[in-house]
>>> print(open('coords.pdb').read())   # PDB, C-alpha atoms, pLDDT in the B column
ATOM      1  CA  MET U   1     -13.208  15.020 -11.745  1.00 91.00           C
ATOM      2  CA  LYS U   2     -11.251  14.612  -8.491  1.00 95.00           C
ATOM      3  CA  ARG U   3     -12.964  11.311  -7.647  1.00 96.00           C
ATOM      4  CA  LEU U   4     -12.305   9.952 -11.133  1.00 97.00           C
ATOM      5  CA  PHE U   5      -8.634  10.934 -10.884  1.00 97.00           C
ATOM      6  CA  ASP U   6      -8.382   9.368  -7.402  1.00 98.00           C
ATOM      7  CA  PHE U   7      -9.958   6.137  -8.640  1.00 98.00           C
ATOM      8  CA  VAL U   8      -7.757   5.809 -11.740  1.00 97.00           C
ATOM      9  CA  PHE U   9      -4.588   6.869  -9.916  1.00 97.00           C
ATOM     10  CA  SER U  10      -5.181   4.385  -7.075  1.00 97.00           C
ATOM     11  CA  VAL U  11      -5.906   1.541  -9.523  1.00 98.00           C
ATOM     12  CA  VAL U  12      -2.659   2.287 -11.386  1.00 97.00           C
ATOM     13  CA  VAL U  13      -0.636   2.479  -8.148  1.00 97.00           C
ATOM     14  CA  LEU U  14      -2.179  -0.665  -6.665  1.00 98.00           C
ATOM     15  CA  LEU U  15      -1.721  -2.696  -9.854  1.00 97.00           C
ATOM     16  CA  SER U  16       1.799  -1.492 -10.628  1.00 97.00           C
ATOM     17  CA  LEU U  17       3.070  -1.678  -7.051  1.00 97.00           C
ATOM     18  CA  SER U  18       1.148  -4.700  -5.778  1.00 97.00           C
ATOM     19  CA  TRP U  19       4.371  -6.732  -5.815  1.00 98.00           C
ATOM     20  CA  LEU U  20       6.096  -4.110  -3.643  1.00 97.00           C
ATOM     21  CA  ILE U  21       3.154  -3.819  -1.251  1.00 97.00           C
ATOM     22  CA  LEU U  22       3.094  -7.617  -0.870  1.00 97.00           C
ATOM     23  CA  LEU U  23       6.859  -7.775  -0.307  1.00 98.00           C
ATOM     24  CA  CYS U  24       6.709  -4.988   2.290  1.00 97.00           C
ATOM     25  CA  TYR U  25       3.734  -6.677   3.970  1.00 98.00           C
ATOM     26  CA  LEU U  26       5.688  -9.938   4.256  1.00 97.00           C
ATOM     27  CA  LEU U  27       8.747  -8.119   5.629  1.00 97.00           C
ATOM     28  CA  ALA U  28       6.588  -6.209   8.123  1.00 96.00           C
ATOM     29  CA  SER U  29       4.888  -9.451   9.204  1.00 96.00           C
ATOM     30  CA  PHE U  30       8.246 -11.162   9.656  1.00 95.00           C
ATOM     31  CA  GLU U  31       9.828  -8.256  11.516  1.00 95.00           C
ATOM     32  CA  THR U  32       6.894  -7.574  13.856  1.00 94.00           C
ATOM     33  CA  ARG U  33       5.987 -11.266  14.226  1.00 92.00           C
ATOM     34  CA  SER U  34       2.365 -10.345  13.584  1.00 93.00           C
ATOM     35  CA  ASN U  35       0.026  -9.335  10.804  1.00 95.00           C
ATOM     36  CA  GLY U  36       2.071  -6.765   8.859  1.00 95.00           C
ATOM     37  CA  LEU U  37      -0.940  -4.544   8.329  1.00 96.00           C
ATOM     38  CA  PHE U  38      -1.646  -1.676  10.736  1.00 95.00           C
ATOM     39  CA  VAL U  39      -5.332  -0.780  10.910  1.00 96.00           C
ATOM     40  CA  GLN U  40      -6.587   2.224  12.901  1.00 96.00           C
ATOM     41  CA  GLN U  41      -9.707   4.346  13.073  1.00 96.00           C
ATOM     42  CA  ARG U  42      -9.316   7.861  11.712  1.00 96.00           C
ATOM     43  CA  VAL U  43     -11.598  10.827  11.185  1.00 94.00           C
ATOM     44  CA  GLY U  44     -12.763  11.160   7.596  1.00 95.00           C
ATOM     45  CA  GLN U  45     -14.961  13.426   5.531  1.00 95.00           C
ATOM     46  CA  TYR U  46     -17.812  15.038   7.510  1.00 94.00           C
ATOM     47  CA  GLY U  47     -16.303  13.624  10.707  1.00 92.00           C
ATOM     48  CA  ARG U  48     -17.174  10.021   9.821  1.00 95.00           C
ATOM     49  CA  LEU U  49     -14.793   7.436  11.196  1.00 95.00           C
ATOM     50  CA  PHE U  50     -13.107   4.974   8.846  1.00 97.00           C
ATOM     51  CA  TRP U  51     -10.367   2.357   9.046  1.00 98.00           C
ATOM     52  CA  ILE U  52      -7.021   3.397   7.574  1.00 98.00           C
ATOM     53  CA  TYR U  53      -4.567   0.777   6.302  1.00 98.00           C
ATOM     54  CA  LYS U  54      -0.819   1.094   6.631  1.00 97.00           C
ATOM     55  CA  LEU U  55       2.109  -1.281   6.894  1.00 97.00           C
ATOM     56  CA  LYS U  56       3.311  -1.947  10.426  1.00 95.00           C
ATOM     57  CA  THR U  57       6.603  -0.318  11.263  1.00 94.00           C
ATOM     58  CA  MET U  58       6.724  -0.960  15.028  1.00 91.00           C
ATOM     59  CA  HIS U  59       6.927  -4.063  17.147  1.00 87.00           C
ATOM     60  CA  SER U  60       3.569  -4.390  18.910  1.00 80.00           C
ATOM     61  CA  GLN U  61       4.957  -5.049  22.389  1.00 82.00           C
ATOM     62  CA  SER U  62       8.151  -2.969  22.491  1.00 85.00           C
ATOM     63  CA  GLN U  63       6.772  -0.053  20.392  1.00 82.00           C
ATOM     64  CA  LYS U  64      10.207   0.199  18.757  1.00 91.00           C
ATOM     65  CA  ILE U  65      10.581   0.836  15.054  1.00 92.00           C
ATOM     66  CA  GLY U  66      12.289  -2.069  13.318  1.00 91.00           C
ATOM     67  CA  PHE U  67      14.944  -2.047  10.607  1.00 95.00           C
ATOM     68  CA  PHE U  68      12.440  -2.459   7.776  1.00 96.00           C
ATOM     69  CA  GLY U  69      10.039  -0.118   9.571  1.00 94.00           C
ATOM     70  CA  ARG U  70      12.610   2.692   9.380  1.00 93.00           C
ATOM     71  CA  ILE U  71      13.016   2.089   5.650  1.00 95.00           C
ATOM     72  CA  PHE U  72       9.229   1.981   5.132  1.00 95.00           C
ATOM     73  CA  ARG U  73       8.810   5.277   6.987  1.00 91.00           C
ATOM     74  CA  LYS U  74      11.740   6.994   5.286  1.00 90.00           C
ATOM     75  CA  TYR U  75      10.416   6.189   1.810  1.00 91.00           C
ATOM     76  CA  LYS U  76       6.717   6.346   2.846  1.00 92.00           C
ATOM     77  CA  LEU U  77       6.215   2.730   1.802  1.00 95.00           C
ATOM     78  CA  ASP U  78       4.088   2.196   4.904  1.00 96.00           C
ATOM     79  CA  GLU U  79       1.511   4.517   3.333  1.00 95.00           C
ATOM     80  CA  LEU U  80       0.984   2.469   0.139  1.00 97.00           C
ATOM     81  CA  PRO U  81      -1.976   0.416   1.458  1.00 98.00           C
ATOM     82  CA  GLN U  82      -3.886   3.706   1.801  1.00 98.00           C
ATOM     83  CA  PHE U  83      -4.427   3.623  -1.936  1.00 98.00           C
ATOM     84  CA  TYR U  84      -7.054   0.995  -1.101  1.00 98.00           C
ATOM     85  CA  ASN U  85      -8.775   3.665   1.052  1.00 98.00           C
ATOM     86  CA  VAL U  86      -8.617   5.980  -1.974  1.00 98.00           C
ATOM     87  CA  LEU U  87      -9.951   3.279  -4.285  1.00 98.00           C
ATOM     88  CA  ILE U  88     -13.059   2.722  -2.142  1.00 97.00           C
ATOM     89  CA  GLY U  89     -13.664   6.464  -1.742  1.00 97.00           C
ATOM     90  CA  GLU U  90     -12.757   6.992   1.922  1.00 97.00           C
ATOM     91  CA  MET U  91      -9.692   9.064   1.069  1.00 98.00           C
ATOM     92  CA  SER U  92      -8.305  11.159  -1.754  1.00 98.00           C
ATOM     93  CA  VAL U  93      -4.773  11.234  -3.126  1.00 98.00           C
ATOM     94  CA  VAL U  94      -4.466  14.889  -2.025  1.00 98.00           C
ATOM     95  CA  GLY U  95      -6.128  16.312   1.065  1.00 97.00           C
ATOM     96  CA  PRO U  96      -5.523  16.861   4.770  1.00 96.00           C
ATOM     97  CA  ARG U  97      -3.944  13.830   6.412  1.00 94.00           C
ATOM     98  CA  PRO U  98      -6.537  11.871   8.398  1.00 94.00           C
ATOM     99  CA  ASP U  99      -6.054  12.211  12.118  1.00 90.00           C
ATOM    100  CA  VAL U 100      -7.092  10.160  15.102  1.00 90.00           C
ATOM    101  CA  PRO U 101     -10.279  11.252  16.887  1.00 91.00           C
ATOM    102  CA  GLY U 102      -9.719  14.299  19.071  1.00 87.00           C
ATOM    103  CA  TYR U 103      -8.167  16.688  16.556  1.00 86.00           C
ATOM    104  CA  TYR U 104      -9.942  17.501  13.278  1.00 85.00           C
ATOM    105  CA  ASP U 105     -13.291  16.404  14.675  1.00 83.00           C
ATOM    106  CA  CYS U 106     -12.871  18.971  17.478  1.00 86.00           C
ATOM    107  CA  LEU U 107     -12.196  21.959  15.207  1.00 89.00           C
ATOM    108  CA  GLN U 108     -14.341  25.041  15.743  1.00 91.00           C
ATOM    109  CA  GLY U 109     -15.720  27.817  13.516  1.00 93.00           C
ATOM    110  CA  ASN U 110     -14.409  28.168   9.964  1.00 93.00           C
ATOM    111  CA  ASP U 111     -11.729  25.551  10.641  1.00 93.00           C
ATOM    112  CA  ARG U 112     -14.492  22.888  10.640  1.00 93.00           C
ATOM    113  CA  ARG U 113     -14.641  23.367   6.867  1.00 94.00           C
ATOM    114  CA  LEU U 114     -11.736  20.915   6.700  1.00 93.00           C
ATOM    115  CA  LEU U 115     -14.191  18.137   7.502  1.00 94.00           C
ATOM    116  CA  GLU U 116     -15.849  18.786   4.130  1.00 95.00           C
ATOM    117  CA  LEU U 117     -12.708  17.455   2.430  1.00 95.00           C
ATOM    118  CA  LYS U 118     -11.801  13.824   2.060  1.00 96.00           C
ATOM    119  CA  PRO U 119      -8.595  13.108   3.922  1.00 97.00           C
ATOM    120  CA  GLY U 120      -5.615  12.553   1.669  1.00 97.00           C
ATOM    121  CA  ILE U 121      -2.435  10.563   1.370  1.00 97.00           C
ATOM    122  CA  THR U 122      -0.451  13.754   0.820  1.00 96.00           C
ATOM    123  CA  SER U 123      -0.775  17.502   1.278  1.00 96.00           C
ATOM    124  CA  GLU U 124       1.384  20.605   1.589  1.00 96.00           C
ATOM    125  CA  ALA U 125       1.293  20.093   5.366  1.00 96.00           C
ATOM    126  CA  SER U 126       2.436  16.468   5.135  1.00 94.00           C
ATOM    127  CA  ILE U 127       5.298  17.540   2.871  1.00 95.00           C
ATOM    128  CA  LYS U 128       6.342  20.302   5.284  1.00 95.00           C
ATOM    129  CA  TYR U 129       6.141  17.960   8.272  1.00 94.00           C
ATOM    130  CA  LYS U 130       7.529  14.836   6.622  1.00 91.00           C
ATOM    131  CA  ASN U 131      10.006  14.560   9.504  1.00 89.00           C
ATOM    132  CA  GLU U 132       7.419  15.274  12.182  1.00 91.00           C
ATOM    133  CA  ASP U 133       8.474  12.336  14.385  1.00 88.00           C
ATOM    134  CA  ALA U 134      12.068  13.621  14.530  1.00 90.00           C
ATOM    135  CA  LEU U 135      10.887  17.177  15.169  1.00 94.00           C
ATOM    136  CA  LEU U 136       8.672  16.053  18.041  1.00 94.00           C
ATOM    137  CA  ALA U 137      11.452  13.866  19.486  1.00 93.00           C
ATOM    138  CA  MET U 138      13.590  17.011  19.926  1.00 96.00           C
ATOM    139  CA  GLN U 139      10.925  18.777  22.001  1.00 96.00           C
ATOM    140  CA  PRO U 140      10.847  18.689  25.823  1.00 96.00           C
ATOM    141  CA  ASP U 141       7.032  18.365  25.679  1.00 96.00           C
ATOM    142  CA  PRO U 142       6.167  16.780  22.316  1.00 95.00           C
ATOM    143  CA  MET U 143       2.394  16.653  22.899  1.00 94.00           C
ATOM    144  CA  ASN U 144       2.249  20.347  23.808  1.00 95.00           C
ATOM    145  CA  TYR U 145       4.446  21.271  20.823  1.00 96.00           C
ATOM    146  CA  ASN U 146       2.175  19.294  18.514  1.00 94.00           C
ATOM    147  CA  ASP U 147      -0.972  20.851  19.958  1.00 93.00           C
ATOM    148  CA  THR U 148       0.283  24.455  20.031  1.00 94.00           C
ATOM    149  CA  VAL U 149       2.635  24.652  17.026  1.00 95.00           C
ATOM    150  CA  ILE U 150       2.370  21.812  14.509  1.00 95.00           C
ATOM    151  CA  PHE U 151      -1.373  21.107  14.541  1.00 94.00           C
ATOM    152  CA  PRO U 152      -2.414  24.790  14.228  1.00 95.00           C
ATOM    153  CA  ASP U 153       0.066  25.225  11.348  1.00 97.00           C
ATOM    154  CA  LYS U 154      -1.338  22.140   9.596  1.00 95.00           C
ATOM    155  CA  VAL U 155      -4.869  23.488  10.021  1.00 95.00           C
ATOM    156  CA  LYS U 156      -3.780  26.827   8.528  1.00 96.00           C
ATOM    157  CA  MET U 157      -2.112  25.108   5.560  1.00 97.00           C
ATOM    158  CA  ASN U 158      -5.086  22.807   5.008  1.00 96.00           C
ATOM    159  CA  ILE U 159      -7.547  25.742   5.118  1.00 96.00           C
ATOM    160  CA  GLU U 160      -5.375  27.409   2.454  1.00 97.00           C
ATOM    161  CA  TYR U 161      -5.734  24.225   0.373  1.00 97.00           C
ATOM    162  CA  TYR U 162      -9.506  24.142   1.005  1.00 97.00           C
ATOM    163  CA  GLU U 163      -9.896  27.718  -0.215  1.00 96.00           C
ATOM    164  CA  HIS U 164      -7.686  27.324  -3.314  1.00 96.00           C
ATOM    165  CA  GLN U 165      -7.988  23.688  -4.353  1.00 94.00           C
ATOM    166  CA  SER U 166      -7.670  22.775  -8.000  1.00 95.00           C
ATOM    167  CA  PHE U 167      -6.648  19.819 -10.125  1.00 95.00           C
ATOM    168  CA  ARG U 168      -3.463  21.648 -11.119  1.00 96.00           C
ATOM    169  CA  LYS U 169      -2.576  22.278  -7.463  1.00 96.00           C
ATOM    170  CA  ASP U 170      -3.180  18.595  -6.671  1.00 97.00           C
ATOM    171  CA  LEU U 171      -0.781  17.565  -9.449  1.00 96.00           C
ATOM    172  CA  LYS U 172       1.872  19.939  -8.071  1.00 97.00           C
ATOM    173  CA  ILE U 173       1.458  18.466  -4.570  1.00 97.00           C
ATOM    174  CA  ILE U 174       1.750  14.913  -5.926  1.00 96.00           C
ATOM    175  CA  PHE U 175       4.880  15.903  -7.869  1.00 95.00           C
ATOM    176  CA  LYS U 176       6.412  17.537  -4.765  1.00 95.00           C
ATOM    177  CA  THR U 177       5.595  14.455  -2.701  1.00 93.00           C
ATOM    178  CA  VAL U 178       7.296  12.081  -5.109  1.00 90.00           C
ATOM    179  CA  PHE U 179      10.359  14.219  -5.847  1.00 88.00           C
ATOM    180  CA  ASN U 180      10.925  15.974  -2.510  1.00 78.00           C
TER     181      ASN U 180
END
>>> encode(input="coords.pdb", output="structure tokens")
Amino acid sequence: MKRLFDFVFSVVVLLSLSWLILLCYLLASFETRSNGLFVQQRVGQYGRLFWIYKLKTMHSQSQKIGFFGRIFRKYKLDELPQFYNVLIGEMSVVGPRPDVPGYYDCLQGNDRRLLELKPGITSEASIKYKNEDALLAMQPDPMNYNDTVIFPDKVKMNIEYYEHQSFRKDLKIIFKTVFN
């Protein structure tokens, strides 16, 4: 049921918003003076690596977020290409956000259950930490704060999702994502 929903939902999003994705891609390409698509390896279901697709928001050399990049991040437009990852079955609409190697793939004990889930575009944790970049920027040691506060809280929230997942809960998370 979840896979069918993911497939249909991603087809609808990709078809209805293809014009917006293309426009944002062109703006990202212009602003970054490069291919406007950001591609990075992430940890997926069962610890398998996959390539995630996002729109570029930073200049490659200066690592500064551009004007359009700020807009893309604020409205999560940079995440739209991930519906392709959902379409081909690497991701789900709802599930733990996929992380770079060195986090979810290093979980121990019962926390490793998270690797049984497909990573998602949205989750309760991603809603709670939608301003994570700003939160980390305020910390004297952002990496330590992420590793000791944010990441453990995300794991806790994602384990809660793992233990109580349902189609109804997924719909609520999608609704909160869109209207929060």
>>> residues_around(input="coords.pdb", residues="range 50-61 of chain U", least_positions_apart="3", cutoff="8 Å", atoms="only C-alpha atoms", output="PyMOL selection string")
chain U and resi 24-25+28-29+31-33+36-44+64-66+68-70+72-73+77-82+84-85+90
>>> residues_around(input="coords.pdb", residues="range 111-113 of chain U", least_positions_apart="6", cutoff="9 Å", atoms="all atoms listed in the file", output="number ranges by chain")
U: 46, 104-105, 155-156, 159, 162
>>> atom_distance(input="coords.pdb", atom1="CA of Thr148 in chain U", atom2="CA of Lys172 in chain U")
28.5 Å
>>> atom_distance(input="coords.pdb", atom1="CA of Ile121 in chain U", atom2="CA of Phe83 in chain U")
7.9 Å
>>> closest_residue(input="coords.pdb", among="U:Gly95, U:Gly47, U:Pro142, U:Gly89", to="Lys169 in chain U", atoms="only C-alpha atoms")
U:Gly95
>>> closest_residue(input="coords.pdb", among="U:Leu135, U:Leu49, U:Val86, U:Ala125", to="Gly102 in chain U", atoms="all atoms listed in the file")
U:Leu49
>>> residues_around(input="coords.pdb", residues="Asp6 in chain U", least_positions_apart="3", cutoff="8 Å", atoms="only C-alpha atoms", output="tab-separated table (two decimals) with C-alpha atoms, in the coordinates of the input")
chain	number	residue	atom	x	y	z
U	2	LYS	CA	-11.25	14.61	-8.49
U	3	ARG	CA	-12.96	11.31	-7.65
U	9	PHE	CA	-4.59	6.87	-9.92
U	10	SER	CA	-5.18	4.38	-7.08
U	86	VAL	CA	-8.62	5.98	-1.97
U	87	LEU	CA	-9.95	3.28	-4.28
U	92	SER	CA	-8.30	11.16	-1.75
U	93	VAL	CA	-4.77	11.23	-3.13
>>> axis_aligned_box(input="coords.pdb", around="range 60-68 of chain U", padding_each_side="4 Å", output="JSON")
{"center_x": 9.3, "center_y": -2.1, "center_z": 15.1, "size_x": 19.4, "size_y": 13.9, "size_z": 22.7}
>>> atom_distance(input="coords.pdb", atom1="CA of Val12 in chain U", atom2="CA of Asn180 in chain U")
21.2 Å
>>> residues_around(input="coords.pdb", residues="Leu136 in chain U", least_positions_apart="4", cutoff="8 Å", atoms="only C-alpha atoms", output="list in words")
Glu132, Pro142, Met143, Tyr145 and Asn146 of chain U
>>> closest_residue(input="coords.pdb", among="U:Pro140, U:Leu114, U:Ile71, U:Arg97", to="Glu163 in chain U", atoms="all atoms listed in the file")
U:Leu114
>>> closest_residue(input="coords.pdb", among="U:Asp99, U:Leu22, U:Asp170, U:Phe179", to="Phe5 in chain U", atoms="all atoms listed in the file")
U:Asp170
>>> residues_around(input="coords.pdb", residues="Thr122 in chain U", least_positions_apart="4", cutoff="8 Å", atoms="only C-alpha atoms", output="list of chain:residue names")
U:Val93, U:Val94, U:Gly95, U:Pro96, U:Arg97, U:Ser126, U:Ile127, U:Ile173, U:Ile174, U:Thr177
>>> decode(input="coords.pdb", residues="range 151-175 of chain U", atoms="N, CA, C and O atoms", output="compact mmCIF listing (two decimals), in the first residue's frame")
# COMPACT_ATOMS: atom_id res chain seq x y z
N PHE U 151 20.98 14.92 16.24
CA PHE U 151 20.93 13.58 15.68
C PHE U 151 20.27 12.57 16.62
O PHE U 151 19.39 11.83 16.20
N PRO U 152 20.64 12.54 17.92
CA PRO U 152 19.94 11.60 18.82
C PRO U 152 18.43 11.86 18.91
O PRO U 152 17.64 10.91 19.01
N ASP U 153 18.03 13.14 18.87
CA ASP U 153 16.59 13.45 18.91
C ASP U 153 15.91 12.96 17.63
O ASP U 153 14.80 12.42 17.68
N LYS U 154 16.55 13.13 16.48
CA LYS U 154 15.99 12.63 15.23
C LYS U 154 15.85 11.11 15.27
O LYS U 154 14.83 10.57 14.84
N VAL U 155 16.86 10.44 15.79
CA VAL U 155 16.79 8.98 15.89
C VAL U 155 15.60 8.58 16.76
O VAL U 155 14.82 7.70 16.39
N LYS U 156 15.44 9.25 17.90
CA LYS U 156 14.33 8.96 18.81
C LYS U 156 12.99 9.16 18.10
O LYS U 156 12.09 8.32 18.19
N MET U 157 12.85 10.27 17.38
CA MET U 157 11.60 10.56 16.68
C MET U 157 11.35 9.55 15.56
O MET U 157 10.22 9.12 15.34
N ASN U 158 12.41 9.17 14.86
CA ASN U 158 12.26 8.22 13.77
C ASN U 158 11.97 6.80 14.26
O ASN U 158 11.25 6.05 13.61
N ILE U 159 12.50 6.43 15.43
CA ILE U 159 12.15 5.14 16.04
C ILE U 159 10.67 5.14 16.43
O ILE U 159 9.96 4.15 16.23
N GLU U 160 10.20 6.27 16.95
CA GLU U 160 8.77 6.41 17.28
C GLU U 160 7.93 6.19 16.01
O GLU U 160 6.92 5.50 16.04
N TYR U 161 8.36 6.77 14.90
CA TYR U 161 7.66 6.57 13.63
C TYR U 161 7.70 5.09 13.22
O TYR U 161 6.69 4.51 12.83
N TYR U 162 8.88 4.49 13.32
CA TYR U 162 9.06 3.07 12.96
C TYR U 162 8.07 2.19 13.73
O TYR U 162 7.46 1.28 13.15
N GLU U 163 7.94 2.46 15.01
CA GLU U 163 7.11 1.62 15.88
C GLU U 163 5.61 1.87 15.71
O GLU U 163 4.80 1.03 16.09
N HIS U 164 5.23 3.03 15.16
CA HIS U 164 3.81 3.38 15.07
C HIS U 164 3.42 3.87 13.67
O HIS U 164 2.50 4.68 13.53
N GLN U 165 4.08 3.38 12.65
CA GLN U 165 3.78 3.87 11.30
C GLN U 165 2.43 3.35 10.81
O GLN U 165 2.02 2.24 11.13
N SER U 166 1.77 4.22 10.07
CA SER U 166 0.49 3.87 9.46
C SER U 166 0.24 4.83 8.30
O SER U 166 0.84 5.91 8.22
N PHE U 167 -0.66 4.45 7.43
CA PHE U 167 -1.01 5.29 6.30
C PHE U 167 -1.61 6.62 6.79
O PHE U 167 -1.29 7.68 6.27
N ARG U 168 -2.44 6.52 7.81
CA ARG U 168 -3.06 7.73 8.37
C ARG U 168 -2.00 8.70 8.94
O ARG U 168 -2.08 9.90 8.73
N LYS U 169 -1.02 8.13 9.64
CA LYS U 169 0.06 8.95 10.19
C LYS U 169 0.86 9.61 9.07
O LYS U 169 1.24 10.78 9.17
N ASP U 170 1.12 8.86 8.00
CA ASP U 170 1.84 9.42 6.85
C ASP U 170 1.08 10.61 6.26
O ASP U 170 1.68 11.64 5.95
N LEU U 171 -0.23 10.47 6.12
CA LEU U 171 -1.04 11.57 5.58
C LEU U 171 -0.96 12.80 6.48
O LEU U 171 -0.88 13.93 6.00
N LYS U 172 -0.99 12.59 7.80
CA LYS U 172 -0.87 13.71 8.74
C LYS U 172 0.49 14.40 8.59
O LYS U 172 0.57 15.63 8.62
N ILE U 173 1.55 13.62 8.43
CA ILE U 173 2.90 14.19 8.28
C ILE U 173 2.98 14.98 6.98
O ILE U 173 3.55 16.09 6.96
N ILE U 174 2.43 14.46 5.91
CA ILE U 174 2.42 15.18 4.63
C ILE U 174 1.64 16.49 4.78
O ILE U 174 2.11 17.55 4.34
N PHE U 175 0.50 16.43 5.41
CA PHE U 175 -0.31 17.64 5.64
C PHE U 175 0.48 18.66 6.45
O PHE U 175 0.51 19.85 6.10
